[in-house]
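Shown here: final-v5.tsv, TSV, C-alpha atoms.
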```
chain	number	residue	atom	x	y	z
H	1	MET	CA	83.25	21.74	196.46
H	2	GLN	CA	80.22	22.88	194.53
H	3	ILE	CA	80.58	25.02	191.43
H	4	SER	CA	79.40	28.11	193.37
H	5	GLU	CA	82.40	27.75	195.68
H	6	LEU	CA	84.69	27.32	192.66
H	7	VAL	CA	83.34	30.61	191.29
H	8	GLU	CA	83.93	32.33	194.60
H	9	ARG	CA	87.41	30.98	195.24
H	10	SER	CA	88.67	31.45	191.67
H	11	GLY	CA	86.98	34.81	191.10
H	12	ILE	CA	86.02	33.57	187.63
H	13	PRO	CA	82.33	33.97	186.66
H	14	LEU	CA	80.11	30.88	186.38
H	15	ALA	CA	79.43	31.37	182.65
H	16	ARG	CA	83.17	31.52	181.97
H	17	ILE	CA	83.84	28.33	183.96
H	18	LYS	CA	81.08	26.52	182.02
H	19	PHE	CA	82.61	27.80	178.80
H	20	TYR	CA	86.02	26.37	179.77
H	21	ILE	CA	84.37	23.00	180.48
H	22	ARG	CA	82.60	23.02	177.09
H	23	GLU	CA	85.88	23.92	175.39
H	24	GLU	CA	87.58	21.00	177.21
H	25	MET	CA	90.06	23.33	178.86
H	26	LEU	CA	88.74	22.37	182.32
H	27	PRO	CA	87.53	18.85	183.24
H	28	ALA	CA	83.87	18.58	184.26
H	29	GLY	CA	83.15	18.00	187.95
H	30	VAL	CA	82.34	14.54	189.31
H	31	SER	CA	78.57	14.08	189.09
H	32	THR	CA	76.96	13.74	192.54
H	33	GLY	CA	73.33	13.95	191.52
H	34	ALA	CA	70.99	14.98	188.73
H	35	ARG	CA	72.13	18.60	188.65
H	36	ARG	CA	75.11	18.56	190.98
H	37	ALA	CA	78.80	17.98	190.49
H	38	ASP	CA	81.77	18.05	192.77
H	39	TYR	CA	84.93	20.06	192.06
H	40	GLY	CA	88.34	19.68	193.68
H	41	GLU	CA	91.52	21.66	194.26
H	42	SER	CA	92.80	20.51	190.86
H	43	HIS	CA	89.95	22.46	189.23
H	44	LEU	CA	90.96	25.57	191.12
H	45	GLU	CA	94.59	25.16	190.12
H	46	ARG	CA	93.62	24.65	186.52
H	47	LEU	CA	91.49	27.80	186.54
H	48	ARG	CA	94.44	29.74	187.94
H	49	LEU	CA	96.63	28.42	185.13
H	50	ILE	CA	94.04	29.37	182.48
H	51	HIS	CA	93.75	32.83	184.02
H	52	ALA	CA	97.56	33.23	184.11
H	53	LEU	CA	97.92	32.17	180.47
H	54	THR	CA	95.11	34.22	178.99
H	55	ASN	CA	94.63	37.20	181.28
H	56	ILE	CA	98.05	37.80	182.77
H	57	ALA	CA	100.45	36.58	180.09
H	58	GLY	CA	97.99	37.76	177.40
H	59	ILE	CA	98.29	34.57	175.35
H	60	PRO	CA	95.50	34.43	172.71
H	61	PHE	CA	92.70	31.98	173.50
H	62	ALA	CA	93.46	29.50	170.70
H	63	GLN	CA	97.13	29.29	171.72
H	64	ALA	CA	96.25	28.88	175.41
H	65	LYS	CA	93.93	26.01	174.49
H	66	GLN	CA	96.70	24.39	172.47
H	67	ILE	CA	99.12	24.70	175.41
H	68	LEU	CA	96.59	23.10	177.79
H	69	HIS	CA	96.08	20.30	175.29
H	70	LEU	CA	99.84	19.65	175.24
H	71	ILE	CA	99.85	19.44	179.04
H	72	ASP	CA	96.90	17.01	179.09
H	73	HIS	CA	97.94	14.86	176.16
H	74	PRO	CA	101.72	14.78	176.23
H	75	ASP	CA	102.77	13.16	173.01
H	76	GLY	CA	106.43	12.79	172.14
H	77	SER	CA	109.55	13.50	174.16
H	78	VAL	CA	109.72	16.14	176.87
H	79	SER	CA	111.88	18.36	174.69
H	80	ASP	CA	109.39	18.00	171.82
H	81	LEU	CA	106.58	19.02	174.16
H	82	LEU	CA	108.44	22.02	175.47
H	83	GLY	CA	109.33	23.07	171.95
H	84	GLN	CA	105.70	22.77	170.85
H	85	ALA	CA	104.50	24.73	173.87
H	86	ILE	CA	106.96	27.56	173.26
H	87	SER	CA	105.99	27.51	169.57
H	88	ALA	CA	102.32	27.83	170.51
H	89	LEU	CA	103.25	31.10	172.22
H	90	GLY	CA	104.01	32.66	168.84
H	91	GLY	CA	100.62	34.31	168.97
H	92	ALA	CA	97.77	34.82	166.59
H	93	GLN	CA	99.27	37.86	164.87
H	94	GLN	CA	102.54	36.09	164.19
H	95	ARG	CA	103.19	35.82	160.48
H	96	VAL	CA	104.51	32.46	159.34
H	97	HIS	CA	107.28	32.69	156.78
H	98	ALA	CA	108.18	29.92	154.36
H	99	GLN	CA	111.70	31.32	154.17
H	100	HIS	CA	113.75	33.22	156.73
H	101	PRO	CA	116.51	34.85	154.70
H	102	ARG	CA	117.42	37.51	157.28
H	103	ALA	CA	117.10	35.20	160.28
H	104	ASP	CA	119.15	32.46	158.56
H	105	ARG	CA	121.88	34.96	157.74
H	106	ALA	CA	121.78	36.24	161.33
H	107	LEU	CA	122.13	32.76	162.84
H	108	ALA	CA	125.04	31.96	160.53
H	109	SER	CA	126.74	35.17	161.65
H	110	ILE	CA	126.09	34.44	165.34
H	111	GLY	CA	127.09	30.77	165.30
H	112	GLY	CA	127.51	28.71	168.48
H	113	LEU	CA	124.25	27.61	170.08
H	114	PHE	CA	122.25	29.39	167.38
H	115	ASP	CA	123.63	27.12	164.66
H	116	GLN	CA	120.92	24.71	165.77
H	117	GLY	CA	118.08	27.11	165.04
H	118	HIS	CA	115.94	26.09	162.11
H	119	GLY	CA	112.97	27.30	160.12
H	120	GLU	CA	110.40	25.19	161.95
H	121	MET	CA	110.95	27.02	165.22
H	122	ALA	CA	108.29	29.69	165.70
H	123	ALA	CA	110.88	32.15	167.03
H	124	MET	CA	112.44	32.20	163.54
H	125	ASP	CA	109.32	33.93	162.22
H	126	GLN	CA	109.59	36.46	165.02
H	127	LEU	CA	113.28	37.02	164.35
H	128	GLU	CA	112.65	37.45	160.62
H	129	ASP	CA	109.95	40.07	161.33
H	130	ALA	CA	112.07	41.91	163.88
H	131	LEU	CA	115.13	42.09	161.60
H	132	THR	CA	112.99	43.19	158.64
H	133	ALA	CA	111.34	45.95	160.69
H	134	ALA	CA	114.73	47.30	161.80
H	135	ALA	CA	116.06	47.22	158.23
H	136	ASP	CA	112.90	48.89	156.87
H	137	ALA	CA	113.30	51.69	159.40
H	138	GLY	CA	116.81	52.33	158.07
H	139	MET	CA	118.42	50.90	161.20
H	140	PRO	CA	119.48	47.35	160.26
H	141	VAL	CA	120.93	45.35	163.13
H	142	THR	CA	124.69	45.10	162.58
H	143	ASP	CA	126.44	41.74	162.89
H	144	ARG	CA	128.33	43.05	165.88
H	145	MET	CA	125.12	44.07	167.65
H	146	LEU	CA	123.52	40.75	166.73
H	147	ARG	CA	126.36	38.85	168.36
H	148	THR	CA	126.09	40.99	171.52
H	149	TYR	CA	122.33	40.42	171.71
H	150	ALA	CA	122.65	36.71	171.01
H	151	GLN	CA	125.35	36.21	173.63
H	152	HIS	CA	123.21	37.77	176.35
H	153	ALA	CA	119.95	36.22	175.14
H	154	SER	CA	121.48	32.75	175.32
H	155	ALA	CA	122.91	33.37	178.81
H	156	ILE	CA	119.45	34.46	179.98
H	157	ALA	CA	117.79	31.49	178.28
H	158	GLU	CA	120.25	29.12	179.97
H	159	ALA	CA	119.29	30.52	183.37
H	160	ASP	CA	115.59	30.25	182.42
H	161	VAL	CA	115.89	26.63	181.34
H	162	ALA	CA	118.02	25.69	184.36
H	163	ALA	CA	115.18	26.96	186.58
H	164	LEU	CA	112.58	24.65	184.95
H	165	PRO	CA	111.19	21.75	186.99
H	166	GLU	CA	112.79	18.42	186.09
H	167	LYS	CA	109.58	16.66	185.10
H	168	GLY	CA	108.59	17.41	181.54
H	169	GLN	CA	104.85	17.75	181.97
H	170	GLU	CA	105.20	20.02	185.00
H	171	ALA	CA	107.79	22.06	183.14
H	172	ILE	CA	105.38	23.03	180.36
H	173	PRO	CA	103.36	25.72	182.16
H	174	TYR	CA	106.57	27.09	183.71
H	175	ALA	CA	108.32	27.22	180.35
H	176	VAL	CA	105.40	28.91	178.62
H	177	LEU	CA	104.61	31.38	181.39
H	178	GLY	CA	108.29	32.12	181.99
H	179	THR	CA	108.92	32.82	178.33
H	180	ALA	CA	105.90	35.12	178.10
H	181	LEU	CA	105.97	36.81	181.50
H	182	TYR	CA	109.67	37.43	181.94
H	183	GLU	CA	110.04	38.98	178.47
H	184	PRO	CA	108.51	42.31	179.64
H	185	VAL	CA	110.79	42.20	182.72
H	186	LEU	CA	113.84	41.98	180.47
H	187	ALA	CA	112.51	44.72	178.16
H	188	ALA	CA	111.81	47.03	181.12
H	189	LEU	CA	115.29	46.46	182.57
H	190	ARG	CA	116.89	47.23	179.19
H	191	ARG	CA	114.86	50.45	178.86
H	192	LEU	CA	115.68	51.42	182.42
H	193	ALA	CA	119.38	50.82	181.76
H	194	HIS	CA	119.08	53.01	178.63
H	195	GLN	CA	117.57	55.83	180.64
H	196	ILE	CA	120.18	55.57	183.40
H	197	LEU	CA	123.07	55.36	180.93
H	198	VAL	CA	121.99	58.34	178.82
H	199	SER	CA	121.29	60.41	181.93
H	200	THR	CA	124.90	59.91	183.03
H	201	ARG	CA	126.36	60.22	179.54
N	1	MET	CA	110.09	68.79	144.24
N	2	GLN	CA	106.34	69.16	144.06
N	3	ILE	CA	104.09	67.46	146.57
N	4	SER	CA	103.04	64.86	143.95
N	5	GLU	CA	106.66	63.72	143.70
N	6	LEU	CA	106.91	63.61	147.50
N	7	VAL	CA	103.87	61.30	147.53
N	8	GLU	CA	105.42	59.08	144.89
N	9	ARG	CA	108.90	58.87	146.40
N	10	SER	CA	107.72	58.40	149.99
N	11	GLY	CA	104.85	56.05	149.17
N	12	ILE	CA	102.73	58.00	151.66
N	13	PRO	CA	99.32	59.21	150.40
N	14	LEU	CA	98.72	62.93	149.82
N	15	ALA	CA	96.02	63.21	152.49
N	16	ARG	CA	98.36	61.68	155.06
N	17	ILE	CA	101.18	64.10	154.16
N	18	LYS	CA	98.80	67.06	154.47
N	19	PHE	CA	97.69	65.70	157.83
N	20	TYR	CA	101.31	65.54	159.06
N	21	ILE	CA	101.80	69.17	157.96
N	22	ARG	CA	98.64	70.29	159.81
N	23	GLU	CA	99.82	68.40	162.91
N	24	GLU	CA	103.21	70.16	162.64
N	25	MET	CA	105.03	66.87	162.35
N	26	LEU	CA	106.29	67.82	158.88
N	27	PRO	CA	107.27	71.39	157.90
N	28	ALA	CA	105.20	72.95	155.09
N	29	GLY	CA	106.90	73.29	151.71
N	30	VAL	CA	108.37	76.61	150.54
N	31	SER	CA	105.63	78.52	148.71
N	32	THR	CA	106.45	79.03	145.02
N	33	GLY	CA	103.10	80.39	143.86
N	34	ALA	CA	99.45	80.69	144.79
N	35	ARG	CA	98.84	76.95	145.05
N	36	ARG	CA	102.33	75.53	144.75
N	37	ALA	CA	105.03	74.69	147.23
N	38	ASP	CA	108.45	73.18	146.94
N	39	TYR	CA	109.62	70.18	149.01
N	40	GLY	CA	113.18	69.03	149.54
N	41	GLU	CA	115.08	65.90	150.55
N	42	SER	CA	114.65	66.88	154.21
N	43	HIS	CA	110.88	66.42	153.80
N	44	LEU	CA	111.44	62.96	152.39
N	45	GLU	CA	113.76	62.04	155.25
N	46	ARG	CA	111.30	63.32	157.77
N	47	LEU	CA	108.47	61.28	156.23
N	48	ARG	CA	110.67	58.18	156.42
N	49	LEU	CA	111.29	58.88	160.10
N	50	ILE	CA	107.55	59.36	160.79
N	51	HIS	CA	106.82	56.12	158.96
N	52	ALA	CA	109.54	54.26	160.89
N	53	LEU	CA	108.25	55.53	164.24
N	54	THR	CA	104.55	54.96	163.69
N	55	ASN	CA	104.26	52.12	161.17
N	56	ILE	CA	107.38	50.06	161.71
N	57	ALA	CA	108.20	50.57	165.39
N	58	GLY	CA	104.46	50.78	166.15
N	59	ILE	CA	104.80	53.82	168.41
N	60	PRO	CA	101.37	55.37	169.09
N	61	PHE	CA	100.67	58.60	167.21
N	62	ALA	CA	100.69	60.92	170.25
N	63	GLN	CA	104.05	59.55	171.42
N	64	ALA	CA	105.56	59.81	167.92
N	65	LYS	CA	104.46	63.44	167.76
N	66	GLN	CA	106.05	64.10	171.15
N	67	ILE	CA	109.33	62.51	169.99
N	68	LEU	CA	109.38	64.65	166.83
N	69	HIS	CA	108.74	67.71	168.96
N	70	LEU	CA	111.76	66.85	171.13
N	71	ILE	CA	113.92	66.55	168.00
N	72	ASP	CA	112.70	69.91	166.64
N	73	HIS	CA	112.74	71.83	169.91
N	74	PRO	CA	115.61	70.41	171.90
N	75	ASP	CA	115.28	71.89	175.35
N	76	GLY	CA	117.65	70.90	178.12
N	77	SER	CA	120.78	68.79	178.04
N	78	VAL	CA	121.35	65.98	175.57
N	79	SER	CA	120.90	63.38	178.29
N	80	ASP	CA	117.63	65.03	179.35
N	81	LEU	CA	116.41	64.92	175.77
N	82	LEU	CA	117.33	61.29	175.33
N	83	GLY	CA	115.66	60.44	178.62
N	84	GLN	CA	112.49	62.25	177.60
N	85	ALA	CA	112.47	60.57	174.19
N	86	ILE	CA	112.85	57.10	175.69
N	87	SER	CA	110.15	57.97	178.24
N	88	ALA	CA	107.82	59.01	175.42
N	89	LEU	CA	108.15	55.45	174.11
N	90	GLY	CA	106.24	54.13	177.12
N	91	GLY	CA	103.15	53.95	174.98
N	92	ALA	CA	99.53	54.88	175.32
N	93	GLN	CA	98.52	51.73	177.21
N	94	GLN	CA	101.27	52.15	179.75
N	95	ARG	CA	99.84	52.62	183.23
N	96	VAL	CA	101.53	55.31	185.29
N	97	HIS	CA	102.10	54.31	188.91
N	98	ALA	CA	102.53	56.80	191.73
N	99	GLN	CA	104.49	54.17	193.66
N	100	HIS	CA	106.65	51.31	192.41
N	101	PRO	CA	106.96	48.99	195.38
N	102	ARG	CA	108.01	45.89	193.44
N	103	ALA	CA	110.30	47.76	191.06
N	104	ASP	CA	111.96	49.67	193.93
N	105	ARG	CA	112.56	46.43	195.78
N	106	ALA	CA	113.94	44.84	192.61
N	107	LEU	CA	116.38	47.70	191.97
N	108	ALA	CA	117.61	47.57	195.56
N	109	SER	CA	118.22	43.85	195.17
N	110	ILE	CA	120.03	44.32	191.84
N	111	GLY	CA	122.20	47.28	192.87
N	112	GLY	CA	125.04	48.61	190.70
N	113	LEU	CA	123.91	50.69	187.74
N	114	PHE	CA	120.27	50.17	188.69
N	115	ASP	CA	120.71	52.02	191.97
N	116	GLN	CA	120.24	55.16	189.88
N	117	GLY	CA	116.81	54.17	188.63
N	118	HIS	CA	114.00	56.30	190.02
N	119	GLY	CA	110.25	56.61	189.90
N	120	GLU	CA	110.15	59.31	187.22
N	121	MET	CA	111.62	57.02	184.60
N	122	ALA	CA	108.87	55.57	182.41
N	123	ALA	CA	110.55	52.16	182.44
N	124	MET	CA	109.79	51.93	186.18
N	125	ASP	CA	106.07	51.72	185.36
N	126	GLN	CA	106.81	48.95	182.88
N	127	LEU	CA	108.97	47.10	185.37
N	128	GLU	CA	106.30	47.40	188.07
N	129	ASP	CA	103.67	45.99	185.70
N	130	ALA	CA	105.91	43.17	184.50
N	131	LEU	CA	106.87	42.09	188.03
N	132	THR	CA	103.24	42.28	189.19
N	133	ALA	CA	102.06	40.15	186.26
N	134	ALA	CA	104.65	37.46	187.01
N	135	ALA	CA	103.72	37.44	190.71
N	136	ASP	CA	99.98	37.33	189.91
N	137	ALA	CA	100.56	34.31	187.68
N	138	GLY	CA	102.18	32.52	190.62
N	139	MET	CA	105.65	32.82	189.09
N	140	PRO	CA	107.30	35.73	190.88
N	141	VAL	CA	110.74	36.64	189.52
N	142	THR	CA	113.32	35.48	192.07
N	143	ASP	CA	116.11	37.82	193.18
N	144	ARG	CA	118.62	35.51	191.57
N	145	MET	CA	116.79	35.63	188.23
N	146	LEU	CA	116.41	39.40	188.52
N	147	ARG	CA	120.15	39.82	188.94
N	148	THR	CA	120.83	37.59	185.92
N	149	TYR	CA	118.37	39.54	183.78
N	150	ALA	CA	119.69	42.90	184.99
N	151	GLN	CA	123.30	41.98	184.36
N	152	HIS	CA	122.59	41.05	180.74
N	153	ALA	CA	120.10	43.89	180.16
N	154	SER	CA	122.70	46.45	181.25
N	155	ALA	CA	125.41	44.89	179.08
N	156	ILE	CA	123.06	45.11	176.08
N	157	ALA	CA	122.07	48.68	176.95
N	158	GLU	CA	125.74	49.67	177.17
N	159	ALA	CA	126.32	48.34	173.66
N	160	ASP	CA	123.17	50.15	172.46
N	161	VAL	CA	124.23	53.48	173.97
N	162	ALA	CA	127.83	53.13	172.73
N	163	ALA	CA	126.43	52.80	169.19
N	164	LEU	CA	124.51	56.11	169.40
N	165	PRO	CA	125.73	59.06	167.29
N	166	GLU	CA	127.73	61.59	169.32
N	167	LYS	CA	125.49	64.59	168.60
N	168	GLY	CA	122.52	64.71	170.91
N	169	GLN	CA	119.85	65.79	168.47
N	170	GLU	CA	120.86	63.21	165.89
N	171	ALA	CA	120.98	60.56	168.60
N	172	ILE	CA	117.30	60.96	169.48
N	173	PRO	CA	115.74	59.08	166.56
N	174	TYR	CA	118.42	56.39	166.87
N	175	ALA	CA	117.85	56.01	170.59
N	176	VAL	CA	114.08	55.82	170.23
N	177	LEU	CA	114.03	53.53	167.20
N	178	GLY	CA	116.80	51.36	168.62
N	179	THR	CA	115.00	50.92	171.91
N	180	ALA	CA	111.72	50.03	170.19
N	181	LEU	CA	112.98	48.06	167.18
N	182	TYR	CA	115.71	45.99	168.76
N	183	GLU	CA	113.49	44.86	171.65
N	184	PRO	CA	111.69	42.27	169.44
N	185	VAL	CA	115.10	41.10	168.14
N	186	LEU	CA	116.22	40.37	171.70
N	187	ALA	CA	112.91	38.68	172.55
N	188	ALA	CA	113.09	36.49	169.43
N	189	LEU	CA	116.69	35.47	170.19
N	190	ARG	CA	115.74	34.54	173.77
N	191	ARG	CA	112.79	32.45	172.56
N	192	LEU	CA	114.95	30.81	169.92
N	193	ALA	CA	117.57	29.98	172.56
N	194	HIS	CA	114.78	28.49	174.72
N	195	GLN	CA	113.65	26.27	171.87
N	196	ILE	CA	117.19	25.16	171.05
N	197	LEU	CA	118.07	24.51	174.71
N	198	VAL	CA	114.95	22.47	175.47
N	199	SER	CA	115.32	20.48	172.26
N	200	THR	CA	118.79	19.39	173.38
N	201	ARG	CA	117.84	18.94	177.01
```

Structure encoded using structure tokens:
Amino acid sequence: MQISELVERSGIPLARIKFYIREEMLPAGVSTGARRADYGESHLERLRLIHALTNIAGIPFAQAKQILHLIDHPDGSVSDLLGQAISALGGAQQRVHAQHPRADRALASIGGLFDQGHGEMAAMDQLEDALTAAADAGMPVTDRMLRTYAQHASAIAEADVAALPEKGQEAIPYAVLGTALYEPVLAALRRLAHQILVSTR
Amino acid sequence: MQISELVERSGIPLARIKFYIREEMLPAGVSTGARRADYGESHLERLRLIHALTNIAGIPFAQAKQILHLIDHPDGSVSDLLGQAISALGGAQQRVHAQHPRADRALASIGGLFDQGHGEMAAMDQLEDALTAAADAGMPVTDRMLRTYAQHASAIAEADVAALPEKGQEAIPYAVLGTALYEPVLAALRRLAHQILVSTR
């Protein structure tokens, strides 16, 4: 198809598509003449993925670019790739901590699966920030609560990971989008359960 | 104590404290002379709560004000109050939907506790948005996944609600801060579990 059809079918403006090509997030079309190029279904699919990452999941541009790069240039084992992709989700605002005293203590208290967590995982920065915020507000997370949260978080994560496609490269967009997009679903269900439980208290 | 000591002990600037008094978020001090007023420990506690709501939990100003109003003017049953406080959390960006077709369908599929969810609960707007985003990204949440998420979200919410203080008015700040502050803890633990599970896949 010509680029005008790609614009129409994707709903993404021409200037934006050209920008994605310049940024190497979308391959250029196959040249069919001096000023013409041909685009295929794979371009449309890729545009949908870019749109899902940046506009729907709200992943910052730099991180989305990094995730696309991982998909295009898979380097290392599948589990490495998935780990890097989930790390890239951390987001632009995410503070990186050299040490994770609260998160380390929390993992030691939780044990089990979480014994394998380590400082290089981006989620450790998130956990450190979240535990610090709760403590600063005068509502530190108790060990008992931590264990409850961890037990359910790992059961959910197991179901998430079991639902991933088998092939590593194909699993990357699923893993990234699933981590980002299903998080608000879980948060909404927890809030809804709070409201229902207190209304029947 | 004088207001200067309140500034020092709370770490909150004078202009900000005066602003909170004008906005009726903080009671004025007891007048002890033409230009002097006396502040007590309750003022300090209240400032800590305002700081926790707005700066740590990141609750928008208007919502924080509404939550403080609920604490000061409890009207209705305890469960009503808690419900209103959790609703106030929804946030300024939260879209309000007249209908919740996806969320209604989801609750019907989940059943159990969630049968009591209804359109007036703010979390229904969040759930509608979250389910729509996932579907728009081409990754709709399956019924099976929904049930898994709901089962664990309600178990977590039960632990949260069981940990609330018995007295309704005292429970409000806990309920609000717990809902807002422990959400990132749960999200971080889920992401960490993802990273650990894929690294051992």

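For the choices N:Lys65, N:Arg48, N:Arg35, N:Arg9, the atom-to-atom distance to chain H is smallest for N:Arg48 when using only C-alpha atoms.
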
I'd like a table as JSON lines: residues in chain N with an atom no more than 6 Å from chain H, each row giving the shortest atom pair and its distance in Å to one decimal, all atoms listed in the file counted, sorted by chain and rising residue number.
```
{"residue": "N:Ala52", "atom": "CA", "partner": "H:Ala137", "partner_atom": "CA", "distance": 4.8}
{"residue": "N:Ile56", "atom": "CA", "partner": "H:Ala133", "partner_atom": "CA", "distance": 5.8}
{"residue": "N:Ser79", "atom": "CA", "partner": "H:Ser199", "partner_atom": "CA", "distance": 4.7}
{"residue": "N:Gly83", "atom": "CA", "partner": "H:Gln195", "partner_atom": "CA", "distance": 5.4}
{"residue": "N:Ala123", "atom": "CA", "partner": "H:Leu192", "partner_atom": "CA", "distance": 5.2}
{"residue": "N:Gln126", "atom": "CA", "partner": "H:Ala188", "partner_atom": "CA", "distance": 5.6}
{"residue": "N:Leu127", "atom": "CA", "partner": "H:Ala188", "partner_atom": "CA", "distance": 5.1}
{"residue": "N:Ala130", "atom": "CA", "partner": "H:Val185", "partner_atom": "CA", "distance": 5.3}
{"residue": "N:Ala133", "atom": "CA", "partner": "H:Ile56", "partner_atom": "CA", "distance": 5.8}
{"residue": "N:Ala134", "atom": "CA", "partner": "H:Leu181", "partner_atom": "CA", "distance": 5.7}
{"residue": "N:Ala137", "atom": "CA", "partner": "H:Ala52", "partner_atom": "CA", "distance": 4.8}
{"residue": "N:His152", "atom": "CA", "partner": "H:His152", "partner_atom": "CA", "distance": 5.5}
{"residue": "N:Ala153", "atom": "CA", "partner": "H:Arg190", "partner_atom": "CA", "distance": 4.7}
{"residue": "N:Ser154", "atom": "CA", "partner": "H:Ala193", "partner_atom": "CA", "distance": 5.5}
{"residue": "N:Ala157", "atom": "CA", "partner": "H:His194", "partner_atom": "CA", "distance": 5.5}
{"residue": "N:Leu181", "atom": "CA", "partner": "H:Ala134", "partner_atom": "CA", "distance": 5.7}
{"residue": "N:Pro184", "atom": "CA", "partner": "H:Ala130", "partner_atom": "CA", "distance": 5.6}
{"residue": "N:Val185", "atom": "CA", "partner": "H:Ala130", "partner_atom": "CA", "distance": 5.3}
{"residue": "N:Ala188", "atom": "CA", "partner": "H:Leu127", "partner_atom": "CA", "distance": 5.1}
{"residue": "N:Leu189", "atom": "CA", "partner": "H:Ala153", "partner_atom": "CA", "distance": 6.0}
{"residue": "N:Arg190", "atom": "CA", "partner": "H:Ala153", "partner_atom": "CA", "distance": 4.7}
{"residue": "N:Arg191", "atom": "CA", "partner": "H:Ala123", "partner_atom": "CA", "distance": 5.9}
{"residue": "N:Leu192", "atom": "CA", "partner": "H:Ala123", "partner_atom": "CA", "distance": 5.2}
{"residue": "N:Ala193", "atom": "CA", "partner": "H:Ser154", "partner_atom": "CA", "distance": 5.5}
{"residue": "N:His194", "atom": "CA", "partner": "H:Ala157", "partner_atom": "CA", "distance": 5.5}
{"residue": "N:Gln195", "atom": "CA", "partner": "H:Gly83", "partner_atom": "CA", "distance": 5.4}
{"residue": "N:Val198", "atom": "CA", "partner": "H:Ser79", "partner_atom": "CA", "distance": 5.2}
{"residue": "N:Ser199", "atom": "CA", "partner": "H:Ser79", "partner_atom": "CA", "distance": 4.7}
```

What is the distance between CA of Arg22 (chain N) and CA of Ala62 (chain N), in Å to one decimal?
-> 14.2 Å

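Residues surrounding Gln2 (chain N) within 7 Å are N:Ala37, N:Asp38, N:Tyr39 [all atoms listed in the file; sequence separation below 5 positions excluded].
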
Using CA of Glu41 (chain H) and CA of Leu14 (chain H) as the two end points, give the distance in Å to one decimal.
-> 16.7 Å

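Put simply, CA of Gly76 (chain N) is 17.4 Å away from CA of Val176 (chain N).
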
Just need region 100-144 of chain H in a file, please: C-alpha atoms, as a short mmCIF file (atom, residue, chain, number, x, y, z; two decimals), in the first residue's frame.
```
data_model
loop_
_atom_site.label_atom_id
_atom_site.label_comp_id
_atom_site.auth_asym_id
_atom_site.auth_seq_id
_atom_site.Cartn_x
_atom_site.Cartn_y
_atom_site.Cartn_z
CA HIS H 100 17.63 -0.85 48.25
CA PRO H 101 17.69 -1.19 52.03
CA ARG H 102 13.91 -1.34 52.49
CA ALA H 103 13.28 -3.54 49.46
CA ASP H 104 16.10 -5.94 50.45
CA ARG H 105 14.69 -6.22 53.95
CA ALA H 106 11.21 -6.79 52.50
CA LEU H 107 12.38 -9.58 50.18
CA ALA H 108 14.22 -11.29 53.02
CA SER H 109 11.04 -11.17 55.10
CA ILE H 110 8.90 -12.50 52.24
CA GLY H 111 11.25 -15.28 51.13
CA GLY H 112 10.23 -17.95 48.61
CA LEU H 113 10.20 -16.78 45.00
CA PHE H 114 11.26 -13.29 46.06
CA ASP H 115 14.59 -14.54 47.39
CA GLN H 116 15.73 -14.33 43.77
CA GLY H 117 15.03 -10.62 43.47
CA HIS H 118 18.14 -8.50 43.19
CA GLY H 119 19.19 -4.90 42.92
CA GLU H 120 19.58 -4.88 39.15
CA MET H 121 15.88 -5.50 38.58
CA ALA H 122 14.09 -2.23 37.84
CA ALA H 123 11.15 -3.26 40.03
CA MET H 124 13.48 -3.05 43.06
CA ASP H 125 13.70 0.72 42.57
CA GLN H 126 9.92 0.88 42.42
CA LEU H 127 9.57 -1.27 45.53
CA GLU H 128 12.10 0.86 47.42
CA ASP H 129 10.19 4.05 46.50
CA ALA H 130 6.82 2.56 47.39
CA LEU H 131 7.98 1.27 50.79
CA THR H 132 9.69 4.59 51.57
CA ALA H 133 6.57 6.58 50.68
CA ALA H 134 4.41 4.42 52.98
CA ALA H 135 6.92 4.76 55.83
CA ASP H 136 7.22 8.53 55.30
CA ALA H 137 3.44 8.86 55.52
CA GLY H 138 3.54 7.15 58.92
CA MET H 139 1.99 3.96 57.54
CA PRO H 140 4.90 1.55 57.03
CA VAL H 141 3.93 -1.73 55.40
CA THR H 142 4.02 -4.42 58.10
CA ASP H 143 5.80 -7.72 57.43
CA ARG H 144 2.49 -9.51 57.66
#
```
